[in-house]
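Worksheet: the structure to be examined is printed underneath.
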Amino acid sequence: MQFSDFIGRVNEPQTILMAKKTRELKALGIQITDLTLGEPDFATPKHIIEAAITAMHEGYTKYPPVAGYAELRQAVCQKLATDNHLHYLPEEIMVSTGAKQALANVILSIINPGDEAIIPTPYWVTYASLVALGQGACTFIPCNVDDNFKLSAEKLEAAITPKSRLFIFSSPCNPSGAVYSREELEALKNVFVKYPDIYIISDEIYEYINFTGRHQSIAQFPELKDRVIIINGFSKGFAMTGWRLGYMAANREIVSACEKLQSQFTSGANSIAQRAAITALVADKAPSMAMTAAFKERKEYFISALNNIEGIKINNPEGAFYAFPDISAFFGKSDGHTHIQNADDFTMYLLNTGHVAGVSGAAFGTESGIRFSFATDLDTLKEAVEKIKTALSRLH
Ligand code: PLP
């Protein structure tokens, strides 16, 4: 059958493919320690679930407005003011089916064929796929473990061309865990002010999973605010991945363009999830804080254990729930059967021989890394470390 050129530009994320392979091995009875997961291993807090039940009884079961309920958009404005000292009007907020749809709306509203999107690596897989759907071109800027996976102003400026139209990054970063400080963002801002045609997508979905203290947004700089699109959502900070709810904050023109697109694709996001999300934002955040404290404890164990394995080089993630070690020291090595040439080989070796599942750094644009999620309990992490040690000790 002949499909459209458009569908030819769509590829399935590596993260999902890896989860599939892991399931296949498990079905054969092999005990795989799965560190591929991109979601909290905690349940959605009870008070949020209760709010959803109440919403259904109250009749919030009809089509909601395309851009989201007014009360939710207002609650997002309140959150941005309280947490981030950022002032937005409800018409500058748009609610979507996950942060993923918010990202798709923005990228497809801004990118024209041939436009360039600048993306520091490693990056979250979906950014590049969405740019490709819009027939844009990605300019990747390699960042590495020695820079703590952070982009400098010099590297940013060197990548800008007259075709640059978008800059896309996440902080805290999936997969590196890098968290930009105010000073680091200010240095990037000083570059962007010289290039007024570039819009900045600031993906802040891991905002609450921050081990350093206060979250910083690049939207805090008044010279840039109108060109920054904040992407955020409920999946990570409130353990609500299945509820599929995210939002963007941006200038009104961008929001209107995205509203037009969303009105044809999906209409408003799930009405019940939206009502529950109001409660998530206005109620006490103690469950989110407890979850972050648990991630921090696991991170401390896991990073130091990985750091003690010869050949692994690792940064200290300051947010999100991923470790992203540099494993390039193993390239060129073999256990007598499998020759490791790159991150894909390393990941498959670890899965097939070590029975630990991670995601190859190639999926995130960084060939020297592998992503392990620590959104799993300490015992599983300890088991993973032992298995990784054993598998790697066989490589010479
Ligand atoms: N942005 C980043 C950096 C992510 O890691 C994810 C999910 O893994 C998303 C956005 C999408 O989140 P959502 O579940 O809200 O679509």
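Starting from 1 in every chain, residues are counted up; chains themselves are A, B, ... following the order of the structure tokens, and ligands are numbered from 1 as listed.
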**Q.** At most 6 Å from ligand 1 (only C-alpha atoms and all ligand atoms): residue list as an NGL selection string
**A.** :A and (38 or 98-100 or 124 or 170 or 174 or 203 or 205 or 233 or 235 or 241 or 244-246)
Based on the selection just made, write N, CA, C and O atoms of those residues as a PDB file, in the first residue's frame.
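Contents of out05.pdb, as written:
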```
ATOM      1  N   GLY A  38      10.344   5.701  31.479  1.00  0.00           N
ATOM      2  CA  GLY A  38      10.349   7.167  31.493  1.00  0.00           C
ATOM      3  C   GLY A  38       9.220   7.730  32.313  1.00  0.00           C
ATOM      4  O   GLY A  38       8.690   8.785  32.006  1.00  0.00           O
ATOM      5  N   GLY A  98      -1.081  15.902  27.008  1.00  0.00           N
ATOM      6  CA  GLY A  98       0.334  15.648  27.319  1.00  0.00           C
ATOM      7  C   GLY A  98       1.203  16.793  26.817  1.00  0.00           C
ATOM      8  O   GLY A  98       0.834  17.526  25.884  1.00  0.00           O
ATOM      9  N   ALA A  99       2.369  16.922  27.447  1.00  0.00           N
ATOM     10  CA  ALA A  99       3.347  17.911  26.981  1.00  0.00           C
ATOM     11  C   ALA A  99       3.752  17.585  25.547  1.00  0.00           C
ATOM     12  O   ALA A  99       4.131  18.461  24.771  1.00  0.00           O
ATOM     13  N   LYS A 100       3.651  16.310  25.194  1.00  0.00           N
ATOM     14  CA  LYS A 100       4.031  15.888  23.850  1.00  0.00           C
ATOM     15  C   LYS A 100       3.159  16.588  22.808  1.00  0.00           C
ATOM     16  O   LYS A 100       3.654  17.080  21.801  1.00  0.00           O
ATOM     17  N   TRP A 124      15.697  15.041  24.152  1.00  0.00           N
ATOM     18  CA  TRP A 124      14.578  14.095  24.217  1.00  0.00           C
ATOM     19  C   TRP A 124      14.149  13.743  22.795  1.00  0.00           C
ATOM     20  O   TRP A 124      13.926  14.636  21.965  1.00  0.00           O
ATOM     21  N   SER A 170      15.571  20.976  27.203  1.00  0.00           N
ATOM     22  CA  SER A 170      14.848  20.704  28.449  1.00  0.00           C
ATOM     23  C   SER A 170      15.785  20.922  29.628  1.00  0.00           C
ATOM     24  O   SER A 170      16.963  20.607  29.562  1.00  0.00           O
ATOM     25  N   ASN A 174      16.023  15.496  30.093  1.00  0.00           N
ATOM     26  CA  ASN A 174      15.922  14.074  29.761  1.00  0.00           C
ATOM     27  C   ASN A 174      16.725  13.915  28.480  1.00  0.00           C
ATOM     28  O   ASN A 174      16.367  14.511  27.476  1.00  0.00           O
ATOM     29  N   ASP A 203      11.456  23.221  27.643  1.00  0.00           N
ATOM     30  CA  ASP A 203      10.686  22.085  28.138  1.00  0.00           C
ATOM     31  C   ASP A 203      11.020  21.894  29.619  1.00  0.00           C
ATOM     32  O   ASP A 203      12.129  21.509  29.975  1.00  0.00           O
ATOM     33  N   ILE A 205       9.197  20.031  31.892  1.00  0.00           N
ATOM     34  CA  ILE A 205       8.314  19.001  32.442  1.00  0.00           C
ATOM     35  C   ILE A 205       8.879  18.327  33.704  1.00  0.00           C
ATOM     36  O   ILE A 205       8.129  17.817  34.523  1.00  0.00           O
ATOM     37  N   GLY A 233       3.807  20.023  32.276  1.00  0.00           N
ATOM     38  CA  GLY A 233       2.697  19.077  32.328  1.00  0.00           C
ATOM     39  C   GLY A 233       2.641  18.362  33.653  1.00  0.00           C
ATOM     40  O   GLY A 233       3.375  18.692  34.594  1.00  0.00           O
ATOM     41  N   SER A 235       2.626  14.799  33.945  1.00  0.00           N
ATOM     42  CA  SER A 235       3.086  13.408  33.906  1.00  0.00           C
ATOM     43  C   SER A 235       4.144  13.095  34.957  1.00  0.00           C
ATOM     44  O   SER A 235       4.058  12.093  35.649  1.00  0.00           O
ATOM     45  N   THR A 241       1.260  10.145  34.275  1.00  0.00           N
ATOM     46  CA  THR A 241       1.574   9.883  32.858  1.00  0.00           C
ATOM     47  C   THR A 241       0.350   9.425  32.050  1.00  0.00           C
ATOM     48  O   THR A 241       0.169   9.860  30.916  1.00  0.00           O
ATOM     49  N   ARG A 244      -2.513  11.925  30.562  1.00  0.00           N
ATOM     50  CA  ARG A 244      -2.196  12.642  29.332  1.00  0.00           C
ATOM     51  C   ARG A 244      -2.586  14.117  29.399  1.00  0.00           C
ATOM     52  O   ARG A 244      -3.506  14.588  28.724  1.00  0.00           O
ATOM     53  N   LEU A 245      -1.874  14.863  30.217  1.00  0.00           N
ATOM     54  CA  LEU A 245      -2.187  16.286  30.336  1.00  0.00           C
ATOM     55  C   LEU A 245      -0.919  17.129  30.442  1.00  0.00           C
ATOM     56  O   LEU A 245      -0.074  16.886  31.297  1.00  0.00           O
ATOM     57  N   GLY A 246      -0.825  18.103  29.556  1.00  0.00           N
ATOM     58  CA  GLY A 246       0.305  19.030  29.575  1.00  0.00           C
ATOM     59  C   GLY A 246      -0.172  20.407  29.184  1.00  0.00           C
ATOM     60  O   GLY A 246      -1.352  20.600  28.877  1.00  0.00           O
TER      61      GLY A 246
END
```
Q: Can you pull out every residue within 12 Å of Leu281 of chain A, counting only C-alpha atoms, but drop anything in the same chain fewer than 5 positions away, and send it as number ranges by chain?
A: A: 47-48, 51, 71-80, 82-83, 208, 233-234, 237-238, 274-276, 286-288
Show which residues sit within 9 Å of segment 365-377 of chain A, as a tab-separated table (two decimals) with N, CA and C atoms, in the first residue's frame. Count only C-alpha atoms, and ignore same-chain residues fewer than 4 positions away.
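Result file part_23.tsv:
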```tsv
chain	number	residue	atom	x	y	z
A	34	ASP	N	14.73	-3.89	34.26
A	34	ASP	CA	14.30	-2.89	33.29
A	34	ASP	C	14.56	-1.46	33.78
A	35	LEU	N	15.53	-0.80	33.15
A	35	LEU	CA	15.80	0.60	33.50
A	35	LEU	C	15.49	1.51	32.31
A	36	THR	N	14.45	1.15	31.56
A	36	THR	CA	14.10	1.97	30.39
A	36	THR	C	12.98	2.96	30.70
A	37	LEU	N	12.37	2.82	31.86
A	37	LEU	CA	11.11	3.52	32.09
A	37	LEU	C	11.22	5.03	32.19
A	38	GLY	N	10.34	5.70	31.48
A	38	GLY	CA	10.35	7.17	31.49
A	38	GLY	C	9.22	7.73	32.31
A	39	GLU	N	8.84	7.00	33.36
A	39	GLU	CA	7.74	7.53	34.19
A	39	GLU	C	7.95	7.17	35.65
A	40	PRO	N	7.42	8.03	36.55
A	40	PRO	CA	7.58	7.72	37.97
A	40	PRO	C	6.95	6.37	38.31
A	41	ASP	N	7.59	5.65	39.23
A	41	ASP	CA	7.02	4.36	39.65
A	41	ASP	C	6.08	4.56	40.83
A	42	PHE	N	5.55	5.76	40.99
A	42	PHE	CA	4.62	6.07	42.07
A	42	PHE	C	3.21	6.19	41.50
A	120	PRO	N	20.58	21.19	21.49
A	120	PRO	CA	21.78	20.62	22.11
A	120	PRO	C	21.58	19.14	22.39
A	121	THR	N	22.64	18.35	22.24
A	121	THR	CA	22.53	16.91	22.52
A	121	THR	C	23.16	16.63	23.89
A	122	PRO	N	22.73	15.58	24.58
A	122	PRO	CA	21.62	14.71	24.25
A	122	PRO	C	20.28	15.41	24.45
A	123	TYR	N	19.29	15.02	23.64
A	123	TYR	CA	17.97	15.67	23.68
A	123	TYR	C	16.89	14.61	23.78
A	124	TRP	N	15.70	15.04	24.15
A	124	TRP	CA	14.58	14.10	24.22
A	124	TRP	C	14.15	13.74	22.80
A	125	VAL	N	14.06	12.45	22.53
A	125	VAL	CA	13.86	11.89	21.19
A	125	VAL	C	12.82	12.60	20.32
A	140	PHE	N	22.27	19.96	15.46
A	140	PHE	CA	22.56	19.44	16.80
A	140	PHE	C	23.86	20.02	17.31
A	142	PRO	N	26.68	19.18	19.94
A	142	PRO	CA	27.07	18.15	20.91
A	142	PRO	C	27.52	18.74	22.25
A	143	CYS	N	26.94	18.24	23.31
A	143	CYS	CA	27.40	18.59	24.67
A	143	CYS	C	27.84	17.27	25.28
A	144	ASN	N	28.81	17.28	26.15
A	144	ASN	CA	29.30	16.00	26.66
A	144	ASN	C	29.45	15.99	28.17
A	175	PRO	N	17.85	13.19	28.46
A	175	PRO	CA	18.27	12.15	29.40
A	175	PRO	C	19.41	12.50	30.35
A	176	SER	N	20.02	13.69	30.28
A	176	SER	CA	21.29	13.87	31.01
A	176	SER	C	21.11	14.28	32.47
A	294	ALA	N	12.58	10.69	47.19
A	294	ALA	CA	12.90	9.27	46.91
A	294	ALA	C	13.82	9.17	45.69
A	295	PHE	N	13.54	9.95	44.65
A	295	PHE	CA	14.41	9.92	43.46
A	295	PHE	C	15.83	10.35	43.83
A	298	ARG	N	17.70	7.50	45.55
A	298	ARG	CA	18.10	6.48	44.56
A	298	ARG	C	19.23	6.98	43.70
A	299	LYS	N	19.13	8.26	43.31
A	299	LYS	CA	20.18	8.84	42.46
A	299	LYS	C	21.52	8.75	43.17
A	302	PHE	N	22.78	5.21	43.05
A	302	PHE	CA	23.01	4.68	41.70
A	302	PHE	C	24.21	5.35	41.02
A	321	PHE	N	14.97	11.79	36.35
A	321	PHE	CA	15.29	10.52	37.02
A	321	PHE	C	16.07	9.58	36.12
A	322	TYR	N	17.11	10.16	35.48
A	322	TYR	CA	17.93	9.36	34.56
A	322	TYR	C	19.41	9.52	34.86
A	323	ALA	N	20.15	8.41	34.66
A	323	ALA	CA	21.61	8.47	34.65
A	323	ALA	C	22.02	8.33	33.19
A	324	PHE	N	23.02	9.09	32.78
A	324	PHE	CA	23.42	9.05	31.36
A	324	PHE	C	24.94	8.91	31.27
A	325	PRO	N	25.46	7.72	31.66
A	325	PRO	CA	26.92	7.55	31.66
A	325	PRO	C	27.52	7.53	30.27
A	326	ASP	N	28.77	7.98	30.20
A	326	ASP	CA	29.57	7.86	28.98
A	326	ASP	C	30.21	6.48	29.03
A	327	ILE	N	29.93	5.67	28.00
A	327	ILE	CA	30.42	4.28	28.00
A	327	ILE	C	31.39	4.06	26.83
A	328	SER	N	31.92	5.15	26.29
A	328	SER	CA	32.76	5.03	25.08
A	328	SER	C	34.05	4.26	25.35
A	329	ALA	N	34.45	4.13	26.64
A	329	ALA	CA	35.66	3.37	26.96
A	329	ALA	C	35.51	1.89	26.58
A	331	PHE	N	34.07	0.86	23.76
A	331	PHE	CA	34.03	0.67	22.31
A	331	PHE	C	35.34	0.03	21.87
A	342	ASN	N	29.68	0.66	19.30
A	342	ASN	CA	28.96	1.92	19.55
A	342	ASN	C	27.93	1.72	20.65
A	343	ALA	N	27.15	2.79	20.91
A	343	ALA	CA	26.19	2.74	22.02
A	343	ALA	C	25.09	1.71	21.77
A	344	ASP	N	24.69	1.54	20.51
A	344	ASP	CA	23.65	0.53	20.22
A	344	ASP	C	24.15	-0.87	20.56
A	346	PHE	N	26.52	-1.64	22.67
A	346	PHE	CA	26.69	-1.72	24.12
A	346	PHE	C	25.33	-2.03	24.77
A	347	THR	N	24.30	-1.30	24.32
A	347	THR	CA	22.96	-1.46	24.90
A	347	THR	C	22.43	-2.87	24.66
A	357	ALA	N	18.14	-3.67	30.90
A	357	ALA	CA	17.67	-2.86	29.76
A	357	ALA	C	17.87	-1.38	30.04
A	358	GLY	N	18.56	-0.71	29.10
A	358	GLY	CA	18.68	0.75	29.11
A	358	GLY	C	18.31	1.22	27.72
A	359	VAL	N	18.50	2.51	27.44
A	359	VAL	CA	18.22	3.01	26.09
A	359	VAL	C	19.51	3.60	25.52
A	360	SER	N	19.85	3.18	24.31
A	360	SER	CA	21.09	3.65	23.68
A	360	SER	C	21.12	5.17	23.56
A	361	GLY	N	22.29	5.75	23.84
A	361	GLY	CA	22.47	7.20	23.70
A	361	GLY	C	22.22	7.67	22.28
A	381	LEU	N	17.67	-1.29	41.55
A	381	LEU	CA	18.89	-0.59	41.13
A	381	LEU	C	20.13	-1.38	41.56
A	382	LYS	N	20.07	-1.93	42.77
A	382	LYS	CA	21.23	-2.71	43.26
A	382	LYS	C	21.45	-3.94	42.39
```
**Q.** Contact residues around Glu50 of chain A with only C-alpha atoms at 12 Å, ignoring same-chain residues under 4 positions, as an MDAnalysis selection string
**A.** chainID A and resid 44:46 54:57 272:273 275:277 279:280
Q | Members of segment 193-291 of chain A assigned helix (DSSP H, G or I) by DSSP, as number ranges by chain | A | A: 218-220, 225-227, 241-243, 252-265, 271-282, 286-291
Given the selection you just returned, output its residues as a file containing N, CA and C atoms, formatted as a short mmCIF file (atom, residue, chain, number, x, y, z; two decimals), in the first residue's frame.
```
data_model
loop_
_atom_site.label_atom_id
_atom_site.label_comp_id
_atom_site.auth_asym_id
_atom_site.auth_seq_id
_atom_site.Cartn_x
_atom_site.Cartn_y
_atom_site.Cartn_z
N ILE A 218 14.13 30.03 31.45
CA ILE A 218 14.71 31.07 30.58
C ILE A 218 13.67 32.16 30.27
N ALA A 219 12.40 31.90 30.60
CA ALA A 219 11.37 32.92 30.38
C ALA A 219 11.47 34.06 31.38
N GLN A 220 12.34 33.90 32.39
CA GLN A 220 12.45 34.96 33.41
C GLN A 220 13.10 36.24 32.88
N LYS A 225 11.01 36.96 27.05
CA LYS A 225 9.77 36.26 27.46
C LYS A 225 8.80 36.03 26.31
N ASP A 226 8.66 37.02 25.43
CA ASP A 226 7.71 36.92 24.33
C ASP A 226 8.08 35.85 23.30
N ARG A 227 9.33 35.42 23.31
CA ARG A 227 9.80 34.43 22.33
C ARG A 227 9.99 33.05 22.95
N THR A 241 1.26 10.14 34.28
CA THR A 241 1.57 9.88 32.86
C THR A 241 0.35 9.42 32.05
N GLY A 242 -0.47 8.56 32.65
CA GLY A 242 -1.61 8.01 31.92
C GLY A 242 -2.76 8.99 31.74
N TRP A 243 -2.72 10.08 32.47
CA TRP A 243 -3.82 11.05 32.38
C TRP A 243 -3.70 11.90 31.12
N ARG A 252 0.24 35.33 23.02
CA ARG A 252 -1.11 35.01 22.56
C ARG A 252 -1.17 34.53 21.11
N GLU A 253 -0.31 35.10 20.27
CA GLU A 253 -0.32 34.71 18.85
C GLU A 253 0.04 33.24 18.68
N ILE A 254 1.06 32.82 19.43
CA ILE A 254 1.48 31.41 19.35
C ILE A 254 0.37 30.51 19.88
N VAL A 255 -0.21 30.91 21.00
CA VAL A 255 -1.30 30.11 21.58
C VAL A 255 -2.45 29.98 20.57
N SER A 256 -2.79 31.06 19.88
CA SER A 256 -3.91 31.00 18.91
C SER A 256 -3.58 30.05 17.77
N ALA A 257 -2.33 30.08 17.29
CA ALA A 257 -1.94 29.18 16.19
C ALA A 257 -2.08 27.73 16.67
N CYS A 258 -1.60 27.47 17.88
CA CYS A 258 -1.65 26.10 18.41
C CYS A 258 -3.09 25.65 18.64
N GLU A 259 -3.93 26.59 19.04
CA GLU A 259 -5.34 26.27 19.30
C GLU A 259 -6.01 25.82 17.99
N LYS A 260 -5.65 26.51 16.89
CA LYS A 260 -6.21 26.16 15.59
C LYS A 260 -5.84 24.70 15.23
N LEU A 261 -4.55 24.39 15.43
CA LEU A 261 -4.05 23.05 15.09
C LEU A 261 -4.74 21.98 15.96
N GLN A 262 -4.77 22.25 17.27
CA GLN A 262 -5.34 21.27 18.20
C GLN A 262 -6.84 21.07 17.95
N SER A 263 -7.51 22.14 17.50
CA SER A 263 -8.96 22.04 17.28
C SER A 263 -9.27 21.02 16.19
N GLN A 264 -8.32 20.81 15.27
CA GLN A 264 -8.55 19.82 14.21
C GLN A 264 -8.05 18.42 14.60
N PHE A 265 -6.97 18.37 15.40
CA PHE A 265 -6.41 17.06 15.74
C PHE A 265 -7.20 16.34 16.84
N SER A 271 -11.51 15.99 29.73
CA SER A 271 -12.17 16.90 30.68
C SER A 271 -11.93 16.49 32.14
N ILE A 272 -11.93 15.21 32.41
CA ILE A 272 -11.81 14.73 33.80
C ILE A 272 -10.38 14.97 34.29
N ALA A 273 -9.41 14.68 33.41
CA ALA A 273 -8.01 14.92 33.77
C ALA A 273 -7.79 16.41 34.04
N GLN A 274 -8.44 17.26 33.26
CA GLN A 274 -8.26 18.70 33.46
C GLN A 274 -8.77 19.15 34.83
N ARG A 275 -9.94 18.63 35.21
CA ARG A 275 -10.48 19.04 36.53
C ARG A 275 -9.55 18.53 37.64
N ALA A 276 -9.05 17.32 37.49
CA ALA A 276 -8.15 16.77 38.52
C ALA A 276 -6.85 17.58 38.57
N ALA A 277 -6.43 18.07 37.41
CA ALA A 277 -5.18 18.84 37.36
C ALA A 277 -5.29 20.16 38.12
N ILE A 278 -6.50 20.72 38.17
CA ILE A 278 -6.68 21.96 38.94
C ILE A 278 -6.33 21.66 40.40
N THR A 279 -6.86 20.53 40.89
CA THR A 279 -6.55 20.12 42.27
C THR A 279 -5.05 19.89 42.44
N ALA A 280 -4.43 19.22 41.45
CA ALA A 280 -2.98 18.96 41.55
C ALA A 280 -2.23 20.28 41.75
N LEU A 281 -2.64 21.30 41.03
CA LEU A 281 -1.90 22.57 41.10
C LEU A 281 -2.17 23.35 42.37
N VAL A 282 -3.42 23.34 42.83
CA VAL A 282 -3.72 24.20 43.98
C VAL A 282 -3.51 23.51 45.33
N ALA A 286 2.98 18.12 48.88
CA ALA A 286 3.79 17.19 49.68
C ALA A 286 4.05 15.85 48.95
N PRO A 287 3.05 15.25 48.28
CA PRO A 287 3.35 13.98 47.59
C PRO A 287 4.42 14.14 46.51
N SER A 288 4.39 15.26 45.79
CA SER A 288 5.40 15.48 44.75
C SER A 288 6.78 15.63 45.39
N MET A 289 6.81 16.32 46.51
CA MET A 289 8.09 16.52 47.19
C MET A 289 8.64 15.21 47.74
N ALA A 290 7.75 14.37 48.24
CA ALA A 290 8.19 13.07 48.78
C ALA A 290 8.75 12.21 47.65
N MET A 291 8.12 12.30 46.48
CA MET A 291 8.57 11.51 45.34
C MET A 291 9.98 11.98 44.91
#
```
**Q.** Residue list (strand (DSSP E), DSSP) for segment 98-340 of chain A, as an MDAnalysis selection string
**A.** chainID A and resid 116:121 137:142 164:170 199:203 228:233 246:249 322:323
(Q) Give me, as number ranges by chain, all polymer residues having an atom no more than 9 Å from segment 348-354 of chain A, counting only C-alpha atoms and skipping those fewer than 3 positions away in the same chain. (A) A: 22, 25, 32-33, 338-340, 343-345, 357-358, 360, 384, 387-392
Q: Work out how far atom CA of Asn105 of chain A is from atom CA of Met240 of chain A, in Å to one decimal.
A: 20.7 Å
